[in-house]
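> The structure's right below; bear with me while I get my questions together.
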Amino acid sequence: MNQGEKITDPAFMFMLLKRLQQHKSLLSITVPRRPGIFTTAILDLSVDPPSIVFDELIPKVGHEYLLKTRLMDVEGRLDNVRIKMQCVLEKHDQSESISKYHVSFPPHLWYFQQRDSYRVQIGGVSEFSARVRHQENGWLDAHVNDVSETG
C-alpha cells in the first residue's frame, strides 16, 4: 500500500520542489469544486520570502477557475514518487504575454514513497519510543512513527 508522509521541513520541501523545477516536471493542477485537470510547471522558487511561481495553466479554462477560487491542488512526480500540496494564489502576473501564478509556500506537502511492505501508523495510539545503543555514538533516542514487517 502507498501511504504519504507529511513533510513540514521547509528546507526539504524546497529541495523537492527545486528538483521538480530542474527536471521541468509537468504538474497536474485541480481547482477545488471545479471540473478538470490542468497542467503547469514551476518557473521559479524563492526562499526569502518563500514562494513559488507557476507557469500558465493548460487548458486555459483553469486560469479563470484559479482566479475565482485562489486555491490549487498540485500533484507531480519526482523519480516516480508522487508529491502533493495545496497552494494559495497570492498574485497573478500576465507580463511577457503568458500568465504566471505567484503562490505562497505551502505549510506542508505530501510525499508518497513506494514501500515494499504496508506501514502501520503508530500516532494516535500512544507514544512509542526506542532507545538503541550505537557502537560509536552511544545511546540514541528515537520516536517511532510507523512500523512494517521489513523495518
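Scheme for the C-alpha cells: letters A, B, ... for chains in order shown; per-chain residue numbers from 1; ligand numbers from 1 in order shown.
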Excluding A:Asp44 and its own-chain neighbours fewer than 2 positions away, which residues fall within 10 Å of it when counting only C-alpha atoms? Please give them as a list of chain:residue names.
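What passes the distance filter is A:Leu17, A:Lys18, A:Gln21, A:Gln22, A:Ala41, A:Ile42, A:Ser46, A:Ser51, A:Ile52, A:Val53, A:Phe54, A:Asp55, A:Lys100, A:His102.
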> Could you list, with a cut-off of 12 Å and counting only C-alpha atoms, the residues of stretch 57-85 of chain A near stretch 3-9 of chain A, each shown with its nearest atom pair and the distance in Å rounded to one decimal, rows sorted by chain and ascending number, as JSON lines?

{"residue": "A:Val81", "atom": "CA", "partner": "A:Gly4", "partner_atom": "CA", "distance": 10.0}
{"residue": "A:Arg82", "atom": "CA", "partner": "A:Gly4", "partner_atom": "CA", "distance": 8.7}
{"residue": "A:Ile83", "atom": "CA", "partner": "A:Gly4", "partner_atom": "CA", "distance": 8.6}
{"residue": "A:Lys84", "atom": "CA", "partner": "A:Gly4", "partner_atom": "CA", "distance": 9.1}
{"residue": "A:Met85", "atom": "CA", "partner": "A:Lys6", "partner_atom": "CA", "distance": 9.8}
> Could you give me the residues within chain A that DSSP places in alpha helix (DSSP H), as a list in words?
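Residues of chain A classed as alpha helix (DSSP H): Pro10, Ala11, Phe12, Met13, Phe14, Met15, Leu16, Leu17, Lys18, Arg19, Leu20, Gln21, Gln22, Val61, Gly62, His63, Glu64, Tyr65, Leu66, Leu67, Lys68 and Thr69 of chain A.
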> Can you write out the residues you just picked, keeping C-alpha atoms, as a PDB file, in the first residue's frame?

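File written: part_39.pdb
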ATOM      1  CA  PRO A  10      10.865  23.988   4.658  1.00  0.00           C
ATOM      2  CA  ALA A  11      14.417  23.106   3.549  1.00  0.00           C
ATOM      3  CA  PHE A  12      13.423  19.576   2.495  1.00  0.00           C
ATOM      4  CA  MET A  13      10.269  20.875   0.804  1.00  0.00           C
ATOM      5  CA  PHE A  14      12.302  23.478  -1.090  1.00  0.00           C
ATOM      6  CA  MET A  15      14.778  20.801  -2.212  1.00  0.00           C
ATOM      7  CA  LEU A  16      11.978  18.581  -3.545  1.00  0.00           C
ATOM      8  CA  LEU A  17      10.303  21.469  -5.362  1.00  0.00           C
ATOM      9  CA  LYS A  18      13.634  22.642  -6.778  1.00  0.00           C
ATOM     10  CA  ARG A  19      14.190  19.169  -8.228  1.00  0.00           C
ATOM     11  CA  LEU A  20      10.717  19.271  -9.801  1.00  0.00           C
ATOM     12  CA  GLN A  21      11.671  22.600 -11.359  1.00  0.00           C
ATOM     13  CA  GLN A  22      15.072  21.403 -12.587  1.00  0.00           C
ATOM     14  CA  VAL A  61     -10.264  27.437 -18.567  1.00  0.00           C
ATOM     15  CA  GLY A  62      -8.225  26.535 -15.482  1.00  0.00           C
ATOM     16  CA  HIS A  63      -6.978  30.130 -15.419  1.00  0.00           C
ATOM     17  CA  GLU A  64     -10.478  31.512 -14.805  1.00  0.00           C
ATOM     18  CA  TYR A  65     -11.209  28.875 -12.165  1.00  0.00           C
ATOM     19  CA  LEU A  66      -7.983  29.641 -10.305  1.00  0.00           C
ATOM     20  CA  LEU A  67      -8.557  33.399 -10.327  1.00  0.00           C
ATOM     21  CA  LYS A  68     -12.016  32.864  -8.770  1.00  0.00           C
ATOM     22  CA  THR A  69     -11.098  30.328  -6.076  1.00  0.00           C
TER      23      THR A  69
END
> Taking only C-alpha atoms into account, name the residue in A:Val74, A:Gln86, A:Trp110, A:Glu56 that is nearest to A:Ile98.
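The closest residue to A:Ile98 is A:Glu56.
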> Any chance you could list, as a ChimeraX atom specification, the residues in chain A that come up strand (DSSP E) when DSSP is run on the backbone?
/A:5-7,27-30,38-40,42-46,51-54,71-78,81-93,100-104,109-112,120-121,129-134,138-143,146-147
> Select, from A:Lys60, A:Thr40, A:Val31, A:Phe112, the residue with the minimum atom-to-atom distance to A:Leu78, counting only C-alpha atoms.
A:Phe112
> As an exercise, work out the distance from atom CA of A:Asp93 to atom CA of A:Ile29 in Å and give it to one decimal place.
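For atom CA of A:Asp93 relative to atom CA of A:Ile29, the distance reads 18.0 Å.
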